[in-house]
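Note sheet for the following structure.
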Amino acid sequence: MSHPASSPFPPAPFPPATFPPGTRSGPAASSPATATSPPDATPSRPAGAPAGSSATPSRGSSTDWVARAADDALAEHRRRGGDGLLVCASGISPSGPIHLGNLRELLTPHLVAAELAARGVPVEHVLFLDDHDRLRRVPAGVPAHFAAHLGRPLAEVPDPSGELDSWAERFTAPLHAALAALGIRVRVVSQSARYAAGHYTGAVLAAMARRQRIAAILAAARGTDARGAGDAASGEPAESWPYRVYCRRCGADDTRITGYREDSTALRYDCARCGADGFRLAEANHGKLAWKVDWPMRWAAEPVAFEAAGADHAAPSSSFGVGRRICAEVFGARPPSLLGYGFVGTRGAAKLSSSTGTAPTPADALAILEPAMLRWLYARRRPQQAITIDFGTEVTRLYDEWDRLAARVAAGTAGAADATAYRRASAPGLAAPRRAVPWRLLTSVLDVTAGDPRSTERILGQAEGAQLRLADVEPRRTLAATWLARHVPPERRTRVRAEPDTALLATLTDRQREGLTLLTAELPGCRDLAALTALVYGIPKRLNGLAADAAADEAVRAAQRSYFTLLYRLLVGADAGPRLPTLLLALGPDRARRLLTH
């Protein structure tokens with residue numbers, strides 16, 4: 001099988017591997033899906049297994065969707081004879097920025113391929129790059145004059161930035177970087193290259209010869225007669241022709257087929273811009289199959305044993321229901337095992353769209369989330385569950401949850417499902433900190449110090465109670481700084497006072513002054529967060545005649561809230577801010593004393 005020379009990704013069969021128990025970093029947390037092998041390597045097989053054999057799988061548990069999907073894929077592969085590589089497929093159209101919804105299209109087959117590899121099954125993950133799709137709309141941020149290219153193949157539209165060869169390359173380049181960061185290896189199949197090379201000529205001729213059968217299948221799905229016209233947006237062929245022409249002169253698809261001879265494959269068409277023209281389908285390609293025909297055609301061409309698709313495509317009466325019939329009745333092949341998945345959205349948008357150009361991308365997520373965490377967001381959810389992305393305060397909760405899970409996995413106390421999702425999310429070679437400083441602490445320190453490296457290193461070392469180098473905290477430190485800069489509004493950032501608030505200090509009661517005096521006197525002896533926490537929570541108790549470690553009742557909690565509000569007003573000029581122990585540790589005793597005394 002040929003590999004397009006222009007592909008930016010290496011071909012990558014998955015070698016067999018295992019999922020040993022382990023922690024986030026290091027070999028023990030490895031995921032077989034990203035085990036490396038030379039591009040031309042022959043997939044390995046289980047130790048002691050004869051050539052052509054594969055390990056016998058154990059049936060996945062009812063809650064392990066990856067194992068169940070792998071079972072189904074392997075069963076389909078064996079129904080075909082079980083020879084050669086088991087192909088898991090994804091399809092992406094580079095019509096605009098490739099977003100986090102598209103990432104589910106890639107991660108779902110990736111995880112299934114990894115599970116199959118762990119069982120010793122020779123498997124590879126193929127990405128069909130739909131760069132032969134038409135440009136449907138001009139995304140936000142792209143000059144309006146690009147509307148002149150509407151209807152042309154993405155691989156033939158210029159790069160909006162003028163740096164790369166095409167529109168398609170502009171939007172696949174960031175995907176290349178994201179897949180590398182996430183440990184996802186695929187073999188890219190450029191649909192534009194394949195059509196141009198004649199790889200699909202036989203399939204196109206077969207579709208044209210059986211166009212009435214295709215029209216009948218589509219009509220049955222619509223509940224209309226076979227004469228109903230389709231359109232490019234629905235993916236159905238117009239006027240019963242399964243092939244859409246890209247004009248040889250202007251390159252656009254505003255065309256209508258006017259005649260076709262099967263004996264000579266001579267095709268005639270009219271272009272709305274350029275008039276009548278024609279060519280022989282057996283000798284040249286100037287178009288592509290309609291989507292609902294192209295999809296099953298590629299299943300037969302590869303052939304594909306497993307694929308994932310959005311729930312809208314996976315419904316029995318939608319693209320897959322139609323496609324499985326076309327695959328069998330037109331192209332004489334078996335359709336793959338299909339797994340439908342729910343939409344990925346953001347706050348206020350239930351579904352993302354590439355062609356609008358405004359949806360968050362994997363690069364956006366990887367700017368603030370560790371790669372294993374981003375994988376985990378998808379691995380932990382059943383495919384049918386929708387995922388909502390929130391780059392605001394939800395990020396802090398996610399880091400807390402991830403660190404707690406890592407600790408439970410390391411201690412052997414995580415539940416089976418959680419531990420499995422964690423191990424699948426982790427992979428060798430993923431960027432991860434050697435020391436996972438809590439996100440809340442890290443963002444608070446970076447906020448208070450304005451990211452100053454020396455201050456950050458000193459304060460984090462004190463907080464963690466150990467000597468610490470900032471390099472040990474990377475990439476989490478850089479991710480936290482990016483999150484603060486991009487996703488925390490200026491009004492929520494911490495601004496430490498440059499000078500004492502003398503007006504407020506002049507109005508303090510004796511009791512408030514006593515609380516500040518206790519704090520400034522004892523701050524120099526508190527060198528870590530635990531000591532500072534005990535001090536600031538204990539002072540209101542002591543002012544009420546209680547021991548510092550006494551249980552807090554409602555009166556004490558009210559006194560603590562009042563005391564904390566006073567400290568925030570004197571230190572940062574607001575009623576709230578980062579946790580006081582962290583803030584005081586960041587300021588140091590001398591600077592805190594200067595702001596808290598008249």
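How things are named: the first chain in the structure tokens is A, the next is B, and so on; residues count from 1 in each chain; ligands count from 1 in the order shown.
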Determine which residues of stretch 332-578 of chain A receive a DSSP assignment of strand (DSSP E or B), computed from the backbone, and state them as a list in words.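 Filtering stretch 332-578 of chain A down to strand (DSSP E or B) leaves Ser337, Leu338, Leu339, Gly340, Tyr341, Val344, Gly345, Thr346, Ala349, Ile387, Thr388 and Ile389 of chain A.
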Among the residues A:His132, A:Arg137, A:Ser318, A:Leu154, the one that comes closest to A:Ala220 [using only C-alpha atoms]: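 The shortest atom-to-atom distance to A:Ala220 comes from A:Ser318.
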So that I can see what lies close to A:Pro524, please list as JSON, numbers by chain the residues with an atom at most 12 Å from it, counting only C-alpha atoms and leaving out residues fewer than 6 positions away in the same chain. {"A": [518, 531, 532, 535, 584, 585, 587, 588, 589, 590, 591, 592, 593]}
Please write the residues from the selection above to a file, keeping all heavy atoms, as a compact mmCIF listing (two decimals), in the first residue's frame.
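What ended up in again33.txt:
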# COMPACT_ATOMS: atom_id res chain seq x y z
N LEU A 518 -0.30 40.31 66.59
CA LEU A 518 0.00 38.88 66.74
C LEU A 518 0.55 38.30 65.44
O LEU A 518 1.52 37.54 65.44
CB LEU A 518 -1.26 38.12 67.16
CG LEU A 518 -1.75 38.31 68.59
CD1 LEU A 518 -3.11 37.65 68.77
CD2 LEU A 518 -0.73 37.70 69.58
N ALA A 531 2.44 25.96 58.80
CA ALA A 531 2.59 26.86 59.94
C ALA A 531 1.79 28.15 59.73
O ALA A 531 1.14 28.66 60.66
CB ALA A 531 4.06 27.17 60.18
N LEU A 532 1.83 28.68 58.52
CA LEU A 532 1.08 29.90 58.23
C LEU A 532 -0.42 29.67 58.32
O LEU A 532 -1.17 30.52 58.80
CB LEU A 532 1.44 30.42 56.84
CG LEU A 532 2.79 31.15 56.75
CD1 LEU A 532 3.20 31.35 55.30
CD2 LEU A 532 2.70 32.51 57.46
N LEU A 535 -1.41 29.62 61.88
CA LEU A 535 -1.33 30.94 62.48
C LEU A 535 -2.56 31.79 62.12
O LEU A 535 -3.23 32.35 62.99
CB LEU A 535 -0.05 31.65 62.02
CG LEU A 535 0.14 33.09 62.52
CD1 LEU A 535 0.21 33.13 64.04
CD2 LEU A 535 1.39 33.71 61.90
N LEU A 584 0.77 35.30 52.16
CA LEU A 584 1.75 35.73 53.16
C LEU A 584 3.11 35.10 52.92
O LEU A 584 4.15 35.74 53.11
CB LEU A 584 1.24 35.37 54.56
CG LEU A 584 0.02 36.19 55.02
CD1 LEU A 584 -0.59 35.57 56.28
CD2 LEU A 584 0.42 37.65 55.28
N LEU A 585 3.13 33.85 52.49
CA LEU A 585 4.40 33.20 52.17
C LEU A 585 5.07 33.91 51.01
O LEU A 585 6.30 34.11 51.00
CB LEU A 585 4.15 31.72 51.84
CG LEU A 585 5.40 30.86 51.61
CD1 LEU A 585 6.22 30.75 52.90
CD2 LEU A 585 5.00 29.48 51.12
N LEU A 587 4.67 37.07 50.08
CA LEU A 587 5.12 38.41 50.46
C LEU A 587 6.35 38.39 51.35
O LEU A 587 7.22 39.26 51.25
CB LEU A 587 3.98 39.15 51.18
CG LEU A 587 2.74 39.48 50.34
CD1 LEU A 587 1.68 40.12 51.22
CD2 LEU A 587 3.12 40.42 49.20
N GLY A 588 6.43 37.41 52.21
CA GLY A 588 7.51 37.37 53.19
C GLY A 588 7.19 38.23 54.39
O GLY A 588 6.38 39.17 54.31
N PRO A 589 7.80 37.97 55.55
CA PRO A 589 7.45 38.68 56.78
C PRO A 589 7.69 40.19 56.72
O PRO A 589 6.88 40.98 57.22
CB PRO A 589 8.32 38.04 57.85
CG PRO A 589 9.03 36.92 57.23
CD PRO A 589 8.79 36.92 55.77
N ASP A 590 8.78 40.62 56.10
CA ASP A 590 9.12 42.05 56.10
C ASP A 590 8.11 42.86 55.28
O ASP A 590 7.63 43.91 55.73
CB ASP A 590 10.53 42.26 55.53
CG ASP A 590 11.60 41.69 56.46
OD1 ASP A 590 11.30 41.51 57.66
OD2 ASP A 590 12.71 41.42 55.98
N ARG A 591 7.78 42.38 54.09
CA ARG A 591 6.84 43.13 53.25
C ARG A 591 5.44 43.11 53.85
O ARG A 591 4.74 44.13 53.83
CB ARG A 591 6.82 42.53 51.84
CG ARG A 591 6.05 43.38 50.83
CD ARG A 591 6.14 42.81 49.45
NE ARG A 591 5.41 43.61 48.48
CZ ARG A 591 5.17 43.23 47.22
NH1 ARG A 591 5.62 42.04 46.80
NH2 ARG A 591 4.49 44.01 46.40
N ALA A 592 5.05 41.97 54.41
CA ALA A 592 3.73 41.88 55.05
C ALA A 592 3.65 42.84 56.23
O ALA A 592 2.65 43.55 56.41
CB ALA A 592 3.46 40.45 55.49
N ARG A 593 4.70 42.90 57.07
CA ARG A 593 4.71 43.79 58.24
C ARG A 593 4.58 45.23 57.81
O ARG A 593 3.87 46.02 58.44
CB ARG A 593 5.99 43.59 59.05
CG ARG A 593 6.02 44.41 60.34
CD ARG A 593 7.36 44.31 61.06
NE ARG A 593 7.69 42.93 61.38
CZ ARG A 593 8.66 42.23 60.76
NH1 ARG A 593 9.40 42.82 59.82
NH2 ARG A 593 8.90 40.99 61.10
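Distances from A:Arg213, A:Val87, A:Leu595, A:Ser455 to A:Thr520 were compared using only C-alpha atoms, and the smallest one belongs to A:Leu595.
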List the spatial neighbours of A:Asp72 as number ranges by chain - criterion: any atom at most 10 Å away, only C-alpha atoms, same-chain residues fewer than 5 positions off excluded. A: 59-60, 66-67, 77-78, 305-306, 336-339
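The interatomic distance for the pair atom CA of A:Thr413 and atom CA of A:Leu107 works out to 26.8 Å.
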What parts of stretch 419-482 of chain A does DSSP call alpha helix (DSSP H)? I'd like the answer as a PyMOL selection string. chain A and resi 419-425+439-449+453-464+470-473+476-482
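Taking atom CA of A:Leu267 and atom CA of A:Cys250 as the two end points, the separation is 17.3 Å.
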For A:Leu543: contacts at 9 Å, only C-alpha atoms, fewer than 5 positions along chain excluded, given as number ranges by chain: A: 511, 514-515, 538
Write the residues of the selection above to a file with C-alpha atoms, as a JSON list (two decimals), in the first residue's frame.
[["chain", "number", "residue", "atom", "x", "y", "z"],
["A", 511, "ARG", "CA", -9.10, 44.24, 68.74],
["A", 514, "GLU", "CA", -4.17, 43.20, 68.37],
["A", 515, "GLY", "CA", -4.88, 40.65, 65.62],
["A", 538, "GLY", "CA", -5.68, 30.43, 65.00]]
Shortest interatomic distance to A:Ala272 - which of A:Pro97, A:Pro383, A:Gly151, A:Pro360, counting only C-alpha atoms: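 Smallest separation from A:Ala272 among the options: A:Gly151.
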Give me the residues near A:Pro296 as number ranges by chain, where near means some atom within 9 Å (using only C-alpha atoms) and where sequence neighbours in that chain fewer than 4 positions away do not count. A: 291-292, 300-301, 320, 322-328, 331, 333, 335
May I have the residues from that selection written out with N, CA, C and O atoms, as a short mmCIF file (atom, residue, chain, number, x, y, z; two decimals), in the first residue's frame?
data_model
loop_
_atom_site.label_atom_id
_atom_site.label_comp_id
_atom_site.auth_asym_id
_atom_site.auth_seq_id
_atom_site.Cartn_x
_atom_site.Cartn_y
_atom_site.Cartn_z
N TRP A 291 -20.03 12.89 -0.17
CA TRP A 291 -19.59 12.42 1.13
C TRP A 291 -20.18 11.07 1.51
O TRP A 291 -19.48 10.17 1.98
N LYS A 292 -21.49 10.89 1.31
CA LYS A 292 -22.13 9.65 1.75
C LYS A 292 -21.74 8.46 0.89
O LYS A 292 -22.06 7.32 1.23
N ALA A 300 -13.77 0.43 2.10
CA ALA A 300 -13.42 -0.69 1.22
C ALA A 300 -11.98 -0.58 0.74
O ALA A 300 -11.28 -1.59 0.60
N ALA A 301 -11.50 0.65 0.50
CA ALA A 301 -10.18 0.84 -0.07
C ALA A 301 -9.07 0.50 0.90
O ALA A 301 -8.00 0.04 0.51
N PHE A 320 -23.89 6.60 8.44
CA PHE A 320 -23.37 5.26 8.59
C PHE A 320 -24.38 4.21 8.11
O PHE A 320 -24.02 3.23 7.46
N VAL A 322 -26.60 4.54 5.80
CA VAL A 322 -26.53 4.56 4.34
C VAL A 322 -25.21 3.96 3.87
O VAL A 322 -25.16 3.15 2.94
N GLY A 323 -24.12 4.36 4.54
CA GLY A 323 -22.80 3.95 4.10
C GLY A 323 -22.57 2.46 4.16
O GLY A 323 -21.91 1.89 3.28
N ARG A 324 -23.11 1.80 5.18
CA ARG A 324 -22.87 0.35 5.28
C ARG A 324 -23.53 -0.39 4.12
O ARG A 324 -22.97 -1.38 3.61
N ARG A 325 -24.68 0.11 3.65
CA ARG A 325 -25.31 -0.52 2.50
C ARG A 325 -24.52 -0.23 1.22
O ARG A 325 -24.30 -1.12 0.40
N ILE A 326 -24.07 1.01 1.05
CA ILE A 326 -23.29 1.34 -0.13
C ILE A 326 -21.97 0.56 -0.14
O ILE A 326 -21.53 0.07 -1.19
N CYS A 327 -21.35 0.44 1.02
CA CYS A 327 -20.09 -0.30 1.12
C CYS A 327 -20.28 -1.74 0.61
O CYS A 327 -19.47 -2.25 -0.16
N ALA A 328 -21.37 -2.38 1.04
CA ALA A 328 -21.60 -3.78 0.67
C ALA A 328 -22.14 -3.92 -0.74
O ALA A 328 -21.67 -4.75 -1.53
N PHE A 331 -19.56 -1.37 -3.38
CA PHE A 331 -18.12 -1.62 -3.39
C PHE A 331 -17.74 -3.03 -2.96
O PHE A 331 -16.56 -3.38 -2.96
N ALA A 333 -17.71 -4.68 -0.07
CA ALA A 333 -16.86 -4.82 1.11
C ALA A 333 -17.70 -4.77 2.37
O ALA A 333 -18.87 -4.38 2.34
N PRO A 335 -18.62 -3.15 6.00
CA PRO A 335 -18.43 -1.90 6.74
C PRO A 335 -17.71 -2.18 8.05
O PRO A 335 -17.70 -3.31 8.54
#
Excluding same-chain residues fewer than 4 positions from A:Ala363, what lies within 9 Å of it counting only C-alpha atoms, as a VMD selection string? chain A and resid 99 174 to 175 177 to 178 367
Same residues, all heavy atoms, output as a compact mmCIF listing (two decimals), in the first residue's frame:
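Resulting contents of again-v1.txt:
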# COMPACT_ATOMS: atom_id res chain seq x y z
N HIS A 99 -10.52 21.48 15.87
CA HIS A 99 -10.88 21.83 17.24
C HIS A 99 -10.95 20.62 18.16
O HIS A 99 -10.64 19.48 17.77
CB HIS A 99 -12.20 22.61 17.24
CG HIS A 99 -13.32 21.87 16.54
ND1 HIS A 99 -13.86 20.71 17.03
CD2 HIS A 99 -14.01 22.16 15.40
CE1 HIS A 99 -14.84 20.30 16.23
NE2 HIS A 99 -14.94 21.17 15.23
N PRO A 174 -0.89 22.71 12.78
CA PRO A 174 -1.06 22.68 14.24
C PRO A 174 -1.52 21.31 14.74
O PRO A 174 -1.18 20.92 15.86
CB PRO A 174 -2.14 23.74 14.49
CG PRO A 174 -2.13 24.61 13.29
CD PRO A 174 -1.77 23.72 12.15
N LEU A 175 -2.29 20.58 13.93
CA LEU A 175 -2.71 19.24 14.33
C LEU A 175 -1.50 18.33 14.46
O LEU A 175 -1.43 17.52 15.40
CB LEU A 175 -3.69 18.67 13.31
CG LEU A 175 -4.15 17.24 13.58
CD1 LEU A 175 -4.95 17.15 14.86
CD2 LEU A 175 -4.96 16.70 12.40
N ALA A 177 1.52 19.09 15.34
CA ALA A 177 2.20 19.38 16.61
C ALA A 177 1.40 18.84 17.80
O ALA A 177 1.97 18.30 18.75
CB ALA A 177 2.41 20.88 16.75
N ALA A 178 0.07 18.98 17.76
CA ALA A 178 -0.76 18.52 18.87
C ALA A 178 -0.72 17.01 19.00
O ALA A 178 -0.62 16.47 20.11
CB ALA A 178 -2.20 19.00 18.68
N ALA A 367 -1.96 24.45 25.82
CA ALA A 367 -1.28 25.62 26.38
C ALA A 367 -1.52 25.75 27.87
O ALA A 367 -0.80 26.49 28.56
CB ALA A 367 -1.74 26.89 25.66
Between A:Leu546, A:Leu446, A:Ala311, A:Ala117, which residue has the minimum interatomic distance to A:Thr482, considering only C-alpha atoms?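 Once distances to A:Thr482 are computed over only C-alpha atoms, the minimum belongs to A:Leu446.
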Selected residue, from A:Gly120, A:Gly198, A:Pro433, A:Gly310, that lies nearest to A:Leu74 when counting only C-alpha atoms: A:Gly120
Taking into account only C-alpha atoms, which residue in the set A:Leu470, A:Ala425, A:Val344, A:Ile184 is nearest to A:Thr388?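 Closest to A:Thr388, using only C-alpha atoms: A:Val344.
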